[in-house]
Amino acid sequence: MNIGIDQISFYTPYYYLNLAVLAERNGIDPAKYYNGIGQEKIAVPAHDEDIVTMGVNAAAPLLQEHGSSDIDTLLFATESGIDQSKAAAVYAHHLLGLGQNCRCVELKQACYSATAALQLACAYVARKPEKKVLLIASDIARYDLDTAAEATQGAGAVAMLISARPNIAVIAPHSGLYSADIMDFWRPNYRSTPLVDGKYSTVMYLQALEHAWQDYQAQGGRAYQDFSAYCYHLPFSKMGIKAHARLARLNGADPRREDTQDGMQYNRLIGNSYTAALYISLVSLLDYREDLANKHVALFSYGSGCVGEFFALTVCPQYHRHRYRDRHRAMLANRVALDYPAYRRYREVPDGRTGDFFPDKDTPHGCRLEGIKQQQRIYRPA
Ligand code: HMG
């Protein structure tokens, strides 16, 4: 059975900060951000956006086009959850108007959990091929101000329909897995920003890649030369370049620029979107490349803490016809740049603890957070 991604689309906030603005504020050469970490811009969510609104806005075009009658499961992957108990999936389920005979759950393991959700969805669809799973991965990456990590912030959401008759890509059954209990990046319940050992995290990412690749080979996965492109989890795009160089070296090959560059176009403009980042890289690859029909693409998913998974997909022959490329490009082209004071204003996020909060209507379209009243979040559907 060919199970895989039937449709995929992403959303990123309306505002962004050009990293030249942050460089000027920090007295840093902008080339450090543009070339050293490989990022141009970071998405900045407005006060009326959160993981739920971004996820709903990513999923809306899929449901508008394909309806929702065969969806009986909504998996929501995130590490910037809005509630310790109630799943973001339940809010999204309501806002998207899905039928009530549906299971909704939130999954967490740093940036990795969307990949766990994808594998769970494929296994479920193998059992119920007449059903589809809606998978949303949505995150806001915020680090402490005036730290090295600040330039690697970002935000975005991706939505996928997983089905037994996919139009975009078939997920191959082989996976290479790696888990290790390490402290490279974590966020205790009382903190709104993570603690991160940045340099160590980059070393651990590469180590996890190496182990996951070795396991992928041991499980009977494809050879390095079989792949037409590689997508990596992209906390910043230079990380993907380093990862690919490491993998190529392990396989006695030279890393080719064309293996990774199309998969990095969107992420360079959005920044880290944690669970969504790998899949926004996949969307970027599909939107930029015209020659992927029947080709194999390798993916490496990494979540700090840590879990890594190396796996692969085969692109469907008619994927061009099922892309949301124009929509994605228009969304990015229509974003608005923030100056430094405006960026700082959006960094202060009232959470409703100290009283009701009604944000300005900042987002021009789509689902938005209308307010927090008596500690309950109130959303307005698109
Ligand atoms: P830093 O202090 O900016 O590092 O922190 P740096 O001083 O080494 O500079 C970075 C690069 O810029 C270096 O290149 C410099 O040479 C270069 P490299 O040696 O690495 O190739 N550079 C310049 N290039 C051109 N012109 C210049 C210039 N100056 C310097 N003028 C760090 C970087 C990534 C550590 C920091 O941003 C950070 O802590 N980020 C957050 C953690 C992170 O993203 N880790 C990635 C791996 S872990 C992961 O991916 C999981 C994660 O997504 C979370 C999750 O799973 O939930 C984070």
# chains A, B, ... in the order shown; residues from 1 in each chain; ligands from 1
$ residues_around --residues "range 131-147 of chain A" --least-positions-apart "2" --cutoff "7 Å" --atoms "only C-alpha atoms" --output "NGL selection string"
:A and (51 or 54-55 or 70-80 or 114 or 121 or 125 or 128-129 or 149-150 or 153-163 or 193-194 or 272-276)
$ write_last_selection --atoms "C-alpha atoms" --output "short mmCIF file (atom, residue, chain, number, x, y, z; two decimals), in the first residue's frame"
data_model
loop_
_atom_site.label_atom_id
_atom_site.label_comp_id
_atom_site.auth_asym_id
_atom_site.auth_seq_id
_atom_site.Cartn_x
_atom_site.Cartn_y
_atom_site.Cartn_z
CA ILE A 51 0.22 27.89 17.48
CA MET A 54 -1.07 29.30 12.62
CA GLY A 55 -2.00 25.61 12.45
CA ASP A 70 -12.90 11.21 5.64
CA ILE A 71 -10.69 12.75 8.38
CA ASP A 72 -11.17 10.96 11.70
CA THR A 73 -7.88 11.87 13.41
CA LEU A 74 -6.14 15.18 14.06
CA LEU A 75 -2.57 14.98 15.35
CA PHE A 76 -1.07 18.29 16.53
CA ALA A 77 2.70 18.38 17.03
CA THR A 78 4.14 21.30 18.99
CA GLU A 79 6.59 22.26 21.72
CA SER A 80 5.15 25.72 22.30
CA ALA A 114 5.81 15.93 13.82
CA ALA A 121 -0.53 8.48 10.91
CA VAL A 125 -3.99 4.70 7.60
CA LYS A 128 -7.99 2.14 7.92
CA PRO A 129 -7.17 2.99 4.27
CA ALA A 149 20.15 32.16 19.89
CA GLU A 150 17.88 35.21 19.34
CA GLN A 153 13.96 32.52 16.32
CA GLY A 154 11.02 32.12 13.96
CA ALA A 155 7.49 30.78 13.67
CA GLY A 156 5.40 28.71 11.33
CA ALA A 157 3.01 25.83 10.89
CA VAL A 158 2.62 23.06 8.39
CA ALA A 159 -0.47 20.95 7.68
CA MET A 160 -0.53 17.60 5.89
CA LEU A 161 -3.20 15.11 4.96
CA ILE A 162 -1.96 11.54 5.27
CA SER A 163 -3.76 9.05 3.07
CA THR A 193 11.84 30.55 26.66
CA PRO A 194 14.08 27.49 26.48
CA ASN A 272 13.19 28.08 13.19
CA SER A 273 9.65 26.75 13.39
CA TYR A 274 10.66 23.74 15.52
CA THR A 275 8.25 20.87 14.66
CA ALA A 276 7.29 22.47 11.34
#
$ closest_atom_pairs --of "chain A" --to "ligand 1" --cutoff "7 Å" --atoms "only C-alpha atoms and all ligand atoms" --output "CSV"
residue,atom,partner,partner_atom_place_in_ligand_line,distance
A:Asp29,CA,ligand 1,31 (N),5.0
A:Pro30,CA,ligand 1,31 (N),6.8
A:Ala31,CA,ligand 1,26 (N),4.2
A:Lys32,CA,ligand 1,28 (C),3.6
A:Tyr33,CA,ligand 1,12 (O),6.7
A:Asn35,CA,ligand 1,25 (C),5.1
A:Gly36,CA,ligand 1,12 (O),3.2
A:Ile37,CA,ligand 1,11 (C),5.2
A:Glu79,CA,ligand 1,57 (O),6.9
A:Ala110,CA,ligand 1,57 (O),3.6
A:Cys111,CA,ligand 1,56 (O),3.9
A:Tyr112,CA,ligand 1,56 (O),6.4
A:Ala148,CA,ligand 1,37 (O),4.7
A:Ala149,CA,ligand 1,37 (O),3.7
A:Glu150,CA,ligand 1,37 (O),6.8
A:Ala151,CA,ligand 1,37 (O),6.2
A:Thr152,CA,ligand 1,37 (O),5.5
A:Phe185,CA,ligand 1,54 (C),6.1
A:Val196,CA,ligand 1,42 (C),6.2
A:Asp197,CA,ligand 1,39 (O),6.3
A:Gly198,CA,ligand 1,39 (O),3.2
A:Lys199,CA,ligand 1,35 (C),4.3
A:Ser201,CA,ligand 1,48 (S),4.4
A:Thr202,CA,ligand 1,47 (C),4.0
A:Tyr205,CA,ligand 1,47 (C),5.4
A:His233,CA,ligand 1,50 (O),6.5
A:Leu234,CA,ligand 1,50 (O),6.4
A:Pro235,CA,ligand 1,53 (O),4.6
A:Phe236,CA,ligand 1,44 (O),6.4
A:Met239,CA,ligand 1,46 (C),6.7
A:Asn272,CA,ligand 1,53 (O),6.5
A:Tyr274,CA,ligand 1,53 (O),5.1
A:Tyr302,CA,ligand 1,56 (O),6.0
A:Gly303,CA,ligand 1,56 (O),3.4
A:Ser304,CA,ligand 1,56 (O),3.8
$ closest_residue --among "A:Ser228, A:Asn251, A:Thr53, A:Gln109" --to "Asp181 in chain A" --atoms "only C-alpha atoms"
A:Gln109
$ atom_distance --atom1 "CA of Tyr346 in chain A" --atom2 "CA of Asn334 in chain A"
18.7 Å
$ select_by_dssp --residues "range 107-228 of chain A" --states "strand (DSSP E)" --output "VMD selection string"
chain A and resid 107 132 to 141 154 to 163 169 to 179 185 to 186 195 to 196 227 to 228
$ closest_residue --among "A:Lys41, A:His320, A:His66, A:Arg222" --to "Asp291 in chain A" --atoms "only C-alpha atoms"
A:His320
$ atom_distance --atom1 "CA of Val170 in chain A" --atom2 "CA of Gln219 in chain A"
18.1 Å
$ select_by_dssp --residues "range 42-93 of chain A" --states "alpha helix (DSSP H)" --output "list in words"
Ile51, Val52, Thr53, Met54, Gly55, Val56, Asn57, Ala58, Ala59, Ala60, Pro61, Leu62, Leu63, Gln64, Glu65, His66, Ala88, Ala89, Val90, Tyr91, Ala92 and His93 of chain A
$ atom_distance --atom1 "CA of Arg347 in chain A" --atom2 "CA of Leu282 in chain A"
28.3 Å
$ closest_residue --among "A:Ala293, A:Arg380, A:Ala342, A:Pro173" --to "Lys361 in chain A" --atoms "only C-alpha atoms"
A:Arg380
$ closest_residue --among "A:Tyr124, A:Glu130, A:Ser113, A:Ala92" --to "Tyr379 in chain A" --atoms "only C-alpha atoms"
A:Ala92
$ closest_residue --among "A:Ala172, A:Met264, A:His211, A:Pro350" --to "Arg377 in chain A" --atoms "only C-alpha atoms"
A:Pro350
